[in-house]
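Trainee: Handing over coords_38.txt, compact mmCIF, C-alpha atoms.
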# COMPACT_ATOMS: atom_id res chain seq x y z
CA MET R 1 -69.02 -100.58 -6.67
CA ALA R 2 -65.42 -101.51 -7.52
CA PHE R 3 -64.28 -105.13 -7.72
CA ASN R 4 -60.78 -106.27 -6.79
CA ILE R 5 -58.86 -109.51 -7.07
CA ASP R 6 -55.79 -109.13 -4.87
CA HIS R 7 -52.84 -111.51 -5.37
CA LEU R 8 -55.23 -114.41 -5.82
CA SER R 9 -53.73 -117.88 -6.14
CA LEU R 10 -55.61 -121.17 -6.53
CA LYS R 11 -53.90 -124.49 -5.93
CA LEU R 12 -54.89 -128.09 -6.54
CA ASN R 13 -52.80 -130.70 -4.74
CA HIS R 14 -50.40 -127.89 -3.77
CA LYS R 15 -49.87 -126.99 -7.47
CA PRO R 16 -50.88 -123.44 -8.54
CA LEU R 17 -53.32 -123.29 -11.46
CA PHE R 18 -52.02 -119.92 -12.64
CA GLN R 19 -49.67 -117.11 -11.66
CA PRO R 20 -50.96 -114.91 -8.78
CA LEU R 21 -53.67 -112.62 -10.14
CA THR R 22 -54.39 -108.97 -9.31
CA VAL R 23 -57.25 -107.16 -11.08
CA ARG R 24 -59.36 -104.06 -10.46
CA LEU R 25 -62.68 -103.34 -12.18
CA GLU R 26 -64.49 -100.04 -11.81
CA PRO R 27 -68.32 -99.79 -11.80
CA GLY R 28 -69.64 -100.64 -15.27
CA GLU R 29 -66.27 -101.99 -16.43
CA ILE R 30 -66.04 -105.42 -18.07
CA GLY R 31 -62.87 -107.47 -17.69
CA THR R 32 -62.14 -110.37 -20.05
CA VAL R 33 -60.50 -113.59 -18.84
CA MET R 34 -58.77 -115.73 -21.45
CA GLY R 35 -56.40 -118.65 -21.31
CA PRO R 36 -55.90 -122.21 -22.55
CA SER R 37 -58.14 -125.05 -21.44
CA GLY R 38 -57.21 -126.14 -17.94
CA SER R 39 -55.74 -122.78 -16.99
CA GLY R 40 -58.34 -122.23 -14.26
CA LYS R 41 -60.88 -119.88 -15.86
CA SER R 42 -63.98 -121.66 -14.55
CA THR R 43 -62.27 -122.29 -11.20
CA LEU R 44 -61.64 -118.55 -10.90
CA LEU R 45 -65.35 -117.83 -11.42
CA ALA R 46 -66.21 -120.49 -8.83
CA ALA R 47 -63.91 -118.81 -6.30
CA ILE R 48 -65.62 -115.47 -6.89
CA SER R 49 -69.17 -116.82 -6.75
CA GLY R 50 -68.50 -118.93 -3.67
CA THR R 51 -68.87 -122.36 -5.28
CA LEU R 52 -65.18 -123.34 -5.19
CA PRO R 53 -64.89 -127.05 -4.31
CA PRO R 54 -62.97 -127.68 -1.06
CA ILE R 55 -60.27 -129.63 -2.92
CA PHE R 56 -58.81 -126.27 -4.02
CA ASP R 57 -56.67 -124.05 -1.81
CA LEU R 58 -57.14 -120.29 -2.13
CA SER R 59 -54.82 -117.51 -1.04
CA GLY R 60 -55.09 -113.79 -1.59
CA ASP R 61 -58.39 -111.92 -1.51
CA ILE R 62 -61.51 -111.10 -3.54
CA LEU R 63 -63.15 -107.78 -2.65
CA LEU R 64 -66.34 -106.04 -3.70
CA ASN R 65 -66.65 -102.40 -2.68
CA GLY R 66 -63.78 -102.94 -0.28
CA GLN R 67 -65.37 -105.93 1.47
CA SER R 68 -63.81 -109.38 1.22
CA LEU R 69 -66.20 -111.92 -0.29
CA LEU R 70 -64.31 -114.89 1.08
CA THR R 71 -66.23 -114.96 4.35
CA VAL R 72 -69.60 -114.04 2.80
CA PRO R 73 -72.08 -116.91 2.25
CA ILE R 74 -72.97 -117.65 -1.41
CA GLU R 75 -76.54 -116.39 -1.09
CA GLN R 76 -75.36 -113.05 0.33
CA ARG R 77 -72.61 -112.26 -2.19
CA GLN R 78 -75.03 -110.76 -4.74
CA VAL R 79 -72.99 -112.15 -7.60
CA GLY R 80 -75.01 -112.80 -10.75
CA ILE R 81 -73.87 -115.39 -13.31
CA LEU R 82 -74.78 -115.69 -16.99
CA PHE R 83 -73.87 -119.04 -18.55
CA GLN R 84 -73.74 -120.19 -22.18
CA ASP R 85 -76.95 -122.15 -21.48
CA ASP R 86 -79.92 -119.96 -20.53
CA LEU R 87 -81.08 -122.31 -17.72
CA LEU R 88 -84.67 -121.03 -17.83
CA PHE R 89 -87.24 -123.10 -15.94
CA PRO R 90 -89.18 -124.94 -18.70
CA HIS R 91 -92.32 -125.39 -16.58
CA LEU R 92 -92.66 -121.64 -15.88
CA ASN R 93 -93.70 -118.85 -18.25
CA VAL R 94 -91.57 -115.76 -18.84
CA TYR R 95 -93.11 -113.78 -15.97
CA GLN R 96 -92.67 -116.66 -13.53
CA ASN R 97 -89.05 -117.12 -14.59
CA LEU R 98 -88.33 -113.45 -13.98
CA VAL R 99 -90.28 -112.98 -10.76
CA PHE R 100 -88.21 -115.79 -9.27
CA ALA R 101 -85.20 -113.45 -9.32
CA LEU R 102 -86.78 -110.34 -7.81
CA PRO R 103 -85.94 -109.22 -4.27
CA GLY R 104 -88.53 -110.37 -1.75
CA ARG R 105 -89.18 -106.85 -0.47
CA LEU R 106 -91.18 -105.88 -3.56
CA THR R 107 -94.98 -105.89 -3.58
CA ARG R 108 -96.82 -107.69 -6.39
CA PRO R 109 -97.64 -104.44 -8.23
CA GLN R 110 -93.97 -103.47 -7.96
CA GLN R 111 -92.96 -106.89 -9.29
CA ARG R 112 -95.28 -106.52 -12.30
CA GLU R 113 -93.98 -103.02 -12.98
CA ARG R 114 -90.33 -104.05 -12.66
CA ILE R 115 -90.78 -107.02 -15.00
CA ALA R 116 -92.79 -105.05 -17.59
CA SER R 117 -90.10 -102.37 -17.63
CA ALA R 118 -87.31 -104.94 -18.01
CA LEU R 119 -89.07 -106.74 -20.86
CA GLY R 120 -89.75 -103.45 -22.63
CA SER R 121 -86.08 -102.49 -22.39
CA ALA R 122 -85.17 -105.80 -24.05
CA GLY R 123 -87.66 -105.43 -26.91
CA LEU R 124 -89.89 -108.11 -25.37
CA ALA R 125 -92.90 -106.06 -24.26
CA SER R 126 -96.01 -108.12 -23.41
CA PHE R 127 -94.02 -111.37 -23.29
CA GLU R 128 -95.00 -112.04 -19.66
CA GLN R 129 -97.30 -115.00 -20.37
CA ARG R 130 -95.23 -116.57 -23.13
CA ASP R 131 -94.23 -120.22 -22.71
CA VAL R 132 -90.41 -120.28 -22.73
CA ALA R 133 -90.56 -123.22 -25.17
CA THR R 134 -91.94 -120.83 -27.82
CA LEU R 135 -89.04 -118.37 -27.55
CA SER R 136 -86.20 -118.08 -30.04
CA GLY R 137 -82.61 -118.53 -28.94
CA GLY R 138 -82.05 -114.79 -28.85
CA GLN R 139 -85.22 -114.19 -26.85
CA ARG R 140 -84.25 -116.86 -24.33
CA ALA R 141 -80.78 -115.30 -24.00
CA ARG R 142 -82.28 -111.88 -23.28
CA ILE R 143 -84.71 -113.32 -20.71
CA SER R 144 -81.80 -115.08 -19.02
CA LEU R 145 -79.81 -111.85 -18.73
CA LEU R 146 -82.85 -109.96 -17.45
CA ARG R 147 -83.31 -112.58 -14.75
CA THR R 148 -79.68 -112.14 -13.73
CA LEU R 149 -79.97 -108.33 -13.57
CA LEU R 150 -83.37 -108.26 -11.84
CA ALA R 151 -81.75 -109.97 -8.86
CA GLU R 152 -79.84 -106.69 -8.34
CA PRO R 153 -76.33 -108.18 -8.40
CA ARG R 154 -73.34 -106.12 -7.31
CA LEU R 155 -71.11 -108.09 -9.68
CA VAL R 156 -71.86 -110.08 -12.85
CA LEU R 157 -69.87 -113.10 -14.05
CA LEU R 158 -70.21 -114.09 -17.71
CA ASP R 159 -69.19 -117.67 -18.49
CA GLU R 160 -68.93 -118.07 -22.29
CA PRO R 161 -72.41 -116.46 -22.58
CA PHE R 162 -72.36 -116.00 -26.37
CA SER R 163 -70.76 -119.23 -27.56
CA LYS R 164 -73.96 -121.05 -28.56
CA LEU R 165 -75.49 -118.20 -30.58
CA ASP R 166 -75.13 -117.84 -34.36
CA GLN R 167 -72.81 -115.05 -35.50
CA HIS R 168 -75.41 -112.37 -36.25
CA LEU R 169 -77.32 -113.00 -33.05
CA ARG R 170 -74.05 -113.28 -31.13
CA ASN R 171 -72.89 -109.81 -32.16
CA GLN R 172 -76.28 -108.26 -31.44
CA PHE R 173 -76.71 -109.90 -28.04
CA ARG R 174 -73.12 -109.21 -27.00
CA ASP R 175 -73.50 -105.47 -27.66
CA TRP R 176 -76.81 -105.43 -25.78
CA VAL R 177 -75.35 -107.27 -22.75
CA PHE R 178 -72.38 -104.92 -22.54
CA SER R 179 -74.57 -101.81 -22.79
CA ARG R 180 -76.90 -103.06 -20.04
CA ILE R 181 -74.02 -103.80 -17.67
CA THR R 182 -72.35 -100.46 -18.39
CA ASP R 183 -75.59 -98.49 -18.00
CA MET R 184 -76.29 -100.15 -14.65
CA GLY R 185 -72.77 -99.48 -13.40
CA ILE R 186 -72.10 -103.09 -12.42
CA PRO R 187 -68.54 -104.48 -12.70
CA ALA R 188 -68.42 -107.67 -14.76
CA LEU R 189 -65.89 -110.41 -15.45
CA MET R 190 -66.27 -112.48 -18.61
CA VAL R 191 -64.62 -115.77 -19.54
CA THR R 192 -64.35 -116.43 -23.27
CA HIS R 193 -62.23 -118.30 -25.81
CA ASP R 194 -63.08 -115.85 -28.61
CA PRO R 195 -61.08 -112.59 -28.81
CA ALA R 196 -63.99 -111.06 -30.77
CA ASP R 197 -66.12 -111.20 -27.61
CA ARG R 198 -63.82 -108.82 -25.77
CA PRO R 199 -65.37 -105.36 -25.22
CA SER R 200 -63.59 -102.35 -26.69
CA GLN R 201 -62.68 -101.18 -23.20
CA GLY R 202 -61.79 -103.04 -20.02
CA PRO R 203 -58.78 -105.08 -18.93
CA LEU R 204 -57.72 -108.33 -20.56
CA ILE R 205 -56.71 -110.96 -17.98
CA GLU R 206 -54.68 -113.76 -19.57
CA LEU R 207 -54.25 -116.67 -17.19
CA GLU R 208 -50.77 -118.10 -17.37
CA THR R 209 -50.26 -121.62 -16.14
CA SER R 210 -47.90 -121.60 -13.19
CA HIS R 211 -44.81 -123.79 -13.35
CA ALA R 212 -44.21 -123.56 -9.62
Could the structure of this file be written out as structure tokens, please?

Mentor:
Amino acid sequence: MAFNIDHLSLKLNHKPLFQPLTVRLEPGEIGTVMGPSGSGKSTLLAAISGTLPPIFDLSGDILLNGQSLLTVPIEQRQVGILFQDDLLFPHLNVYQNLVFALPGRLTRPQQRERIASALGSAGLASFEQRDVATLSGGQRARISLLRTLLAEPRLVLLDEPFSKLDQHLRNQFRDWVFSRITDMGIPALMVTHDPADRPSQGPLIELETSHA
């Protein structure tokens, strides 16, 4: 499942945000997007996910497995997003938060099995009935990633996902996230301000403000 950005340009009021961008990510490869504030990092993720506001003009193409995403509705793109905030539903327990993401084709026994397996892989076995308010920051972060991956995305976008974690937890969670994405063979694109977050392999995409 390769991901391609092909000569992509984003303009606001006819002014390009950055130089035309071309990127290719192989399955399981994580690309890192860096650039100064205002260079268009979040706008790039919005273009990929399908949430780009209509005030922006887009040219070029965004392809997943050879198919352009530009004409695909948001709910059909199968693009998962992990933010710096976990965005768990506070009124639901862990199981209810996770089951919300599962494909509708699964039976209830399959849902229970899928969630138990995911929690076990994250070191959170038997956490199904836990109130999310009782979870630590690291536990909430892992639940949030599991919810993203259980939705069976074909592409994962990471928007500063480690920035609110303390340094020890940040390093641990970052390594775990990268290994999960690599093992599942999902291409991923991560926005970060911290060079330490960049994986050891994968392209670095530095957005350069266009002067056109």

Trainee: Give me, as a Markdown table, the closest atom pair and its distance (Å, one decimal) for every residue of stretch 114-187 of chain R within a cut-off of 8 Å of stretch 20-35 of chain R, counting all atoms listed in the file, rows sorted by chain and rising number.

Mentor:
| residue | atom | partner | partner_atom | distance |
| --- | --- | --- | --- | --- |
| R:Phe178 | CA | R:Ile30 | CA | 7.8 |
| R:Ile181 | CA | R:Gly28 | CA | 5.9 |
| R:Thr182 | CA | R:Gly28 | CA | 4.1 |
| R:Asp183 | CA | R:Gly28 | CA | 6.9 |
| R:Met184 | CA | R:Gly28 | CA | 6.7 |
| R:Gly185 | CA | R:Gly28 | CA | 3.8 |
| R:Ile186 | CA | R:Gly28 | CA | 4.5 |
| R:Pro187 | CA | R:Gly28 | CA | 4.7 |

Trainee: Would you mind telling me which residue in R:Arg154, R:Gln110, R:Leu169, R:Pro103 lies nearest to R:Gly138 when using only C-alpha atoms?

Mentor: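 Residue with the minimum atom-to-atom distance to R:Gly138: R:Leu169.
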
Trainee: Suppose you want the space between atom CA of R:Asn171 and atom CA of R:Leu87; what is it in Å?

Mentor: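 Straight-line distance from atom CA of R:Asn171 to atom CA of R:Leu87 works out to 20.8 Å.
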
Trainee: R:Arg147: which residues within 9 Å, counting all atoms listed in the file, same-chain residues fewer than 5 positions away excluded, as a list in words?

Mentor: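 Near R:Arg147, the qualifying residues are Asn97, Leu98, Val99, Phe100, Ala101, Leu102 and Arg142 of chain R.
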
Trainee: Please provide the set of residues having any atom within 12 Å of R:Leu135, restricted to all atoms listed in the file, with same-chain residues fewer than 6 positions apart removed, written as a PyMOL selection string.

Mentor: chain R and resi 86+88+90+93-94+124+127-129+141-144

Trainee: So, with only C-alpha atoms as the atoms that count, which of R:Ala118, R:Leu82, R:Leu149, R:Leu12 lies closest to R:Ile55?

Mentor: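 So, comparing all the options, the nearest one is R:Leu12.
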
Trainee: Can you work out the spacing between atom CA of R:Ser59 and atom CA of R:Leu8 in Å, to one decimal?

Mentor: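 Between atom CA of R:Ser59 and atom CA of R:Leu8 the gap is 5.7 Å.
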
Trainee: Let me have the centre and edge lengths of the axis-aligned box enclosing all listed atoms of stretch 190-207 of chain R with 5 Å padding on every side, in Å to one decimal, as AutoDock Vina command-line options.

Mentor:
--center_x -60.3 --center_y -109.7 --center_z -24.0 --size_x 22.0 --size_y 27.1 --size_z 23.6

Trainee: Between atom CA of R:Pro199 and atom CA of R:Phe162, what is the spacing in Å?

Mentor: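 Going from atom CA of R:Phe162 over to atom CA of R:Pro199 covers 12.8 Å.
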
Trainee: I need the residue nearest R:Ser39 from this list: R:Thr51, R:Gln19, R:Gln139, R:Gln78. Use only C-alpha atoms for the distance.

Mentor: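 Looking only at the distances to R:Ser39, the closest residue turns out to be R:Gln19.
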
Trainee: Which residue out of R:Leu17, R:Val156, R:Ala196, R:Leu64 has the minimum interatomic distance to R:Thr43 when only C-alpha atoms are used?

Mentor: R:Leu17

Trainee: With distances taken over all atoms listed in the file, which of R:Ile81, R:Ile62, R:Ala47, R:Leu207 is nearest to R:Ala188?

Mentor: R:Ile81

Trainee: Give the answer as one residue: which of R:Gly66, R:Pro153, R:Gly137, R:Pro161 has the shortest atom-to-atom distance to R:Val177, using all atoms listed in the file?

Mentor: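 Comparing R:Gly66, R:Pro153, R:Gly137, R:Pro161 against R:Val177, the winner is R:Pro161.
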
Trainee: I want to know what sits within 10 Å of R:Asp159, based on all atoms listed in the file, with residues of the same chain fewer than 4 positions away left out; could you give that as a ChimeraX atom specification?

Mentor: /R:33,41-42,45,81-85,163,189-192

Trainee: Output as a PDB file, in the coordinates of the input: stretch 170-194 of chain R, completed with N, CA and C atoms.

Mentor:
ATOM      1  N   ARG R 170     -75.135-113.407 -32.115  1.00  0.00           N
ATOM      2  CA  ARG R 170     -74.050-113.280 -31.130  1.00  0.00           C
ATOM      3  C   ARG R 170     -73.586-111.824 -31.031  1.00  0.00           C
ATOM      4  N   ASN R 171     -73.346-111.203 -32.164  1.00  0.00           N
ATOM      5  CA  ASN R 171     -72.890-109.810 -32.160  1.00  0.00           C
ATOM      6  C   ASN R 171     -73.940-108.886 -31.549  1.00  0.00           C
ATOM      7  N   GLN R 172     -75.184-109.100 -31.926  1.00  0.00           N
ATOM      8  CA  GLN R 172     -76.280-108.260 -31.440  1.00  0.00           C
ATOM      9  C   GLN R 172     -76.458-108.411 -29.932  1.00  0.00           C
ATOM     10  N   PHE R 173     -76.487-109.650 -29.467  1.00  0.00           N
ATOM     11  CA  PHE R 173     -76.710-109.900 -28.040  1.00  0.00           C
ATOM     12  C   PHE R 173     -75.523-109.436 -27.209  1.00  0.00           C
ATOM     13  N   ARG R 174     -74.314-109.634 -27.724  1.00  0.00           N
ATOM     14  CA  ARG R 174     -73.120-109.210 -27.000  1.00  0.00           C
ATOM     15  C   ARG R 174     -73.137-107.696 -26.767  1.00  0.00           C
ATOM     16  N   ASP R 175     -73.460-106.935 -27.796  1.00  0.00           N
ATOM     17  CA  ASP R 175     -73.500-105.470 -27.660  1.00  0.00           C
ATOM     18  C   ASP R 175     -74.576-105.061 -26.657  1.00  0.00           C
ATOM     19  N   TRP R 176     -75.716-105.762 -26.693  1.00  0.00           N
ATOM     20  CA  TRP R 176     -76.810-105.430 -25.780  1.00  0.00           C
ATOM     21  C   TRP R 176     -76.424-105.749 -24.333  1.00  0.00           C
ATOM     22  N   VAL R 177     -75.789-106.892 -24.105  1.00  0.00           N
ATOM     23  CA  VAL R 177     -75.350-107.270 -22.750  1.00  0.00           C
ATOM     24  C   VAL R 177     -74.371-106.234 -22.206  1.00  0.00           C
ATOM     25  N   PHE R 178     -73.384-105.875 -22.998  1.00  0.00           N
ATOM     26  CA  PHE R 178     -72.380-104.920 -22.540  1.00  0.00           C
ATOM     27  C   PHE R 178     -73.002-103.563 -22.211  1.00  0.00           C
ATOM     28  N   SER R 179     -73.949-103.113 -23.050  1.00  0.00           N
ATOM     29  CA  SER R 179     -74.570-101.810 -22.790  1.00  0.00           C
ATOM     30  C   SER R 179     -75.404-101.840 -21.525  1.00  0.00           C
ATOM     31  N   ARG R 180     -76.094-102.944 -21.263  1.00  0.00           N
ATOM     32  CA  ARG R 180     -76.900-103.060 -20.040  1.00  0.00           C
ATOM     33  C   ARG R 180     -76.010-103.008 -18.798  1.00  0.00           C
ATOM     34  N   ILE R 181     -74.922-103.757 -18.820  1.00  0.00           N
ATOM     35  CA  ILE R 181     -74.020-103.800 -17.670  1.00  0.00           C
ATOM     36  C   ILE R 181     -73.393-102.426 -17.429  1.00  0.00           C
ATOM     37  N   THR R 182     -72.966-101.781 -18.510  1.00  0.00           N
ATOM     38  CA  THR R 182     -72.350-100.460 -18.390  1.00  0.00           C
ATOM     39  C   THR R 182     -73.345 -99.435 -17.868  1.00  0.00           C
ATOM     40  N   ASP R 183     -74.565 -99.454 -18.418  1.00  0.00           N
ATOM     41  CA  ASP R 183     -75.590 -98.490 -18.000  1.00  0.00           C
ATOM     42  C   ASP R 183     -75.948 -98.654 -16.523  1.00  0.00           C
ATOM     43  N   MET R 184     -75.932 -99.887 -16.031  1.00  0.00           N
ATOM     44  CA  MET R 184     -76.290-100.150 -14.650  1.00  0.00           C
ATOM     45  C   MET R 184     -75.117 -99.954 -13.685  1.00  0.00           C
ATOM     46  N   GLY R 185     -73.928 -99.733 -14.246  1.00  0.00           N
ATOM     47  CA  GLY R 185     -72.770 -99.480 -13.400  1.00  0.00           C
ATOM     48  C   GLY R 185     -72.340-100.666 -12.562  1.00  0.00           C
ATOM     49  N   ILE R 186     -72.480-101.873 -13.133  1.00  0.00           N
ATOM     50  CA  ILE R 186     -72.100-103.090 -12.420  1.00  0.00           C
ATOM     51  C   ILE R 186     -70.778-103.605 -12.986  1.00  0.00           C
ATOM     52  N   PRO R 187     -69.763-103.866 -12.169  1.00  0.00           N
ATOM     53  CA  PRO R 187     -68.540-104.480 -12.700  1.00  0.00           C
ATOM     54  C   PRO R 187     -68.850-105.902 -13.166  1.00  0.00           C
ATOM     55  N   ALA R 188     -68.165-106.337 -14.209  1.00  0.00           N
ATOM     56  CA  ALA R 188     -68.420-107.670 -14.760  1.00  0.00           C
ATOM     57  C   ALA R 188     -67.106-108.315 -15.178  1.00  0.00           C
ATOM     58  N   LEU R 189     -67.059-109.632 -15.047  1.00  0.00           N
ATOM     59  CA  LEU R 189     -65.890-110.410 -15.450  1.00  0.00           C
ATOM     60  C   LEU R 189     -66.375-111.506 -16.387  1.00  0.00           C
ATOM     61  N   MET R 190     -65.816-111.542 -17.596  1.00  0.00           N
ATOM     62  CA  MET R 190     -66.270-112.480 -18.610  1.00  0.00           C
ATOM     63  C   MET R 190     -65.169-113.449 -19.002  1.00  0.00           C
ATOM     64  N   VAL R 191     -65.503-114.734 -19.021  1.00  0.00           N
ATOM     65  CA  VAL R 191     -64.620-115.770 -19.540  1.00  0.00           C
ATOM     66  C   VAL R 191     -65.029-116.073 -20.975  1.00  0.00           C
ATOM     67  N   THR R 192     -64.059-116.086 -21.878  1.00  0.00           N
ATOM     68  CA  THR R 192     -64.350-116.430 -23.270  1.00  0.00           C
ATOM     69  C   THR R 192     -63.113-117.010 -23.927  1.00  0.00           C
ATOM     70  N   HIS R 193     -63.336-117.796 -24.986  1.00  0.00           N
ATOM     71  CA  HIS R 193     -62.230-118.300 -25.810  1.00  0.00           C
ATOM     72  C   HIS R 193     -62.069-117.451 -27.070  1.00  0.00           C
ATOM     73  N   ASP R 194     -63.046-116.590 -27.350  1.00  0.00           N
ATOM     74  CA  ASP R 194     -63.080-115.850 -28.610  1.00  0.00           C
ATOM     75  C   ASP R 194     -62.654-114.401 -28.390  1.00  0.00           C
TER      76      ASP R 194
END
